[in-house]
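Trainee: First, the structure itself, so that you have it in front of you.
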Amino acid sequence: MRTEQKDLIYLYCATKTKPLFSNFDAMGVKIYPIYSQGIYAIASSVSANEFSKDNLEKNLANMKWLEEKALLHEKVIEELMKDTTAIPFKFPTIFQSEENVEKLLKEHNTEFKNMMAELEGKEEWGCKMYCDADNFDRHVREGDESIKKIDEEVISSNKGKAYFLKKKKEELVKDVMNKKISEYTKDSFDRLAKASVKTKINRLLPKEVTQKKENMVFNGAFLINKKWLGEFNNVLDYLKTKYADKGLIFECTGPWPPYNFCSAAKDING
Amino acid sequence: MDKIVTPQDKDSSLDILKEKKVTLLEVLDRALNKGVVISGDIVISLAEVDLIYVGLKLLVSSVETMERLRGAPMSGAKEEAT
């Protein structure tokens with residue numbers, strides 16, 4: 001059912017060395033390298049029926065299609081990462097001709113090479129922290145001296161004053177909660193950062209996105225020297241223990257292609 | 001570098017991997033929003049990418065919501081902050 005439209009070139013990533021392509025048949029994907037000046041762009045030929053601008057826009061709104069293609073993008077890069085340093089391209093990166101890809105590799109040759117050098121032997125890990133509201137609430141109410149003090153005052157107060165104190169207490173609780181969560185996430189971040197080469201703080205994702213009952217309170221990525229992975233893991237274990245009864249939950253994932261550490265220009269920090 | 005590590009690997013330095021569960025969200029958040037951005041011949045703008053999220057019911061309404069949430073770890077806690 002294919003129309004006579006010309007095929008397009010889909011890019012996964014750039015690599016430092018020519019990868020082994022033996023594993024990709026099993027994935028049902030045919031990939032090939034486009035080489036220029038010491039950099040390989042890893043590509044697949046795709047149909048314009050799927051990836052031309054108009055068709056792409058339609059397909060990107062199709063959950064099933066997007067899931068399949070995005071996961072394949074990720075899987076291919078992960079497979080390549082086993083043998084070589086890979087710089088992931090944003091999904092979807094599409095070209096009309098091999099000449100255009102070669103031109104790109106030439107134009108940005110120095111940038112690619114610098115990135116390769118920087119990323120060699122390193123991998124990206126993601127770390128998200130969530131706050132278990134019940135646990136955290138209890139920890140704050142039971143552990144904070146100033147809050148305890150108000151509780152004691154309430155007991156020895158008349159109805160009117162107790163009402164006022166309770167109101168005051170809730171404000172204080174809110175205040176202390178904010179301070180503590182900032183303190184805990186900062187402490188955790190600082191410690192994880194010490195075991196990392198680079199860090200990146202990303203936007204928090206709301207519950208609608210995470211589909212978790214806990215609020216996300218930190219979302220970051222860490223570039224780790226593979227040799228230090230054990231150290232990073234130790235820090236994480238330490239933090240989990242330290243904050244276990246304080247309502248802070250850690251979720252680390254990886255290794256990822258270094259998505260967060262290959263766009264020099266953009267800075268989403270802050 | 002395998003992502004699946006059995007719980008028995010207690011003392012392995014890859015302990016960290018036990019939690020690994022690649023969710024679609026994790027992949028999309030990276031692949032769509034991060035990575036090397038080069039002008040391919042076909043350019044899909046970021047606005048359109050945001051629309052995708054909405055289409056997926058994965059993501060909130062707008063970037064502004066995200067920005068607001070970024071500054072406020074606890075829901076409601078910083079409402080009065082500037």
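Residue numbers start at 1 in each chain; chains themselves are named A, B, ... in the order of the structure tokens; ligands are numbered from 1 in the order shown.
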At a cut-off of 6 Å, can you tabulate as JSON lines every residue of chain A near chain B together with its closest atom pair and the distance in Å to one decimal, using only C-alpha atoms and ordering rows by chain then number?
Mentor:
{"residue": "A:Ala61", "atom": "CA", "partner": "B:Ile52", "partner_atom": "CA", "distance": 5.3}
{"residue": "A:Pro88", "atom": "CA", "partner": "B:Gly35", "partner_atom": "CA", "distance": 5.3}
{"residue": "A:Phe89", "atom": "CA", "partner": "B:Val36", "partner_atom": "CA", "distance": 4.6}
{"residue": "A:Lys90", "atom": "CA", "partner": "B:Gly35", "partner_atom": "CA", "distance": 4.5}
{"residue": "A:Phe91", "atom": "CA", "partner": "B:Leu32", "partner_atom": "CA", "distance": 5.2}
{"residue": "A:Thr93", "atom": "CA", "partner": "B:Gly40", "partner_atom": "CA", "distance": 5.7}
{"residue": "A:Ile94", "atom": "CA", "partner": "B:Gly40", "partner_atom": "CA", "distance": 5.3}
{"residue": "A:Phe95", "atom": "CA", "partner": "B:Asp41", "partner_atom": "CA", "distance": 4.8}
{"residue": "A:Arg203", "atom": "CA", "partner": "B:Arg70", "partner_atom": "CA", "distance": 5.5}
{"residue": "A:Leu204", "atom": "CA", "partner": "B:Arg70", "partner_atom": "CA", "distance": 5.2}
{"residue": "A:Val209", "atom": "CA", "partner": "B:Leu58", "partner_atom": "CA", "distance": 4.8}
{"residue": "A:Val217", "atom": "CA", "partner": "B:Pro73", "partner_atom": "CA", "distance": 4.9}
{"residue": "A:Gly230", "atom": "CA", "partner": "B:Ser13", "partner_atom": "CA", "distance": 4.5}
{"residue": "A:Asn233", "atom": "CA", "partner": "B:Ile16", "partner_atom": "CA", "distance": 5.8}
{"residue": "A:Thr253", "atom": "CA", "partner": "B:Lys20", "partner_atom": "CA", "distance": 4.9}
{"residue": "A:Tyr259", "atom": "CA", "partner": "B:Gly35", "partner_atom": "CA", "distance": 4.2}
{"residue": "A:Asn260", "atom": "CA", "partner": "B:Lys34", "partner_atom": "CA", "distance": 6.0}
{"residue": "A:Cys262", "atom": "CA", "partner": "B:Val36", "partner_atom": "CA", "distance": 5.8}
{"residue": "A:Ser263", "atom": "CA", "partner": "B:Val36", "partner_atom": "CA", "distance": 5.3}
Trainee: Skipping near chain neighbours, those fewer than 2 positions away, what residues fall within 8 Å of Cys131 of chain A using only C-alpha atoms, listed as a list in words?
Mentor: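 Contacts, in chain order: Met129, Ala133, Phe136, Glu214, Asn215, Met216, Val217, Gly247, Leu248 and Ile249 of chain A.
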Trainee: Residues of segment 5-250 of chain A in helix (DSSP H, G or I) according to DSSP, as a ChimeraX atom specification?
Mentor: /A:22-24,48-51,53-60,63-81,98-107,109-119,133-143,145-155,159-194,207-210,226-246
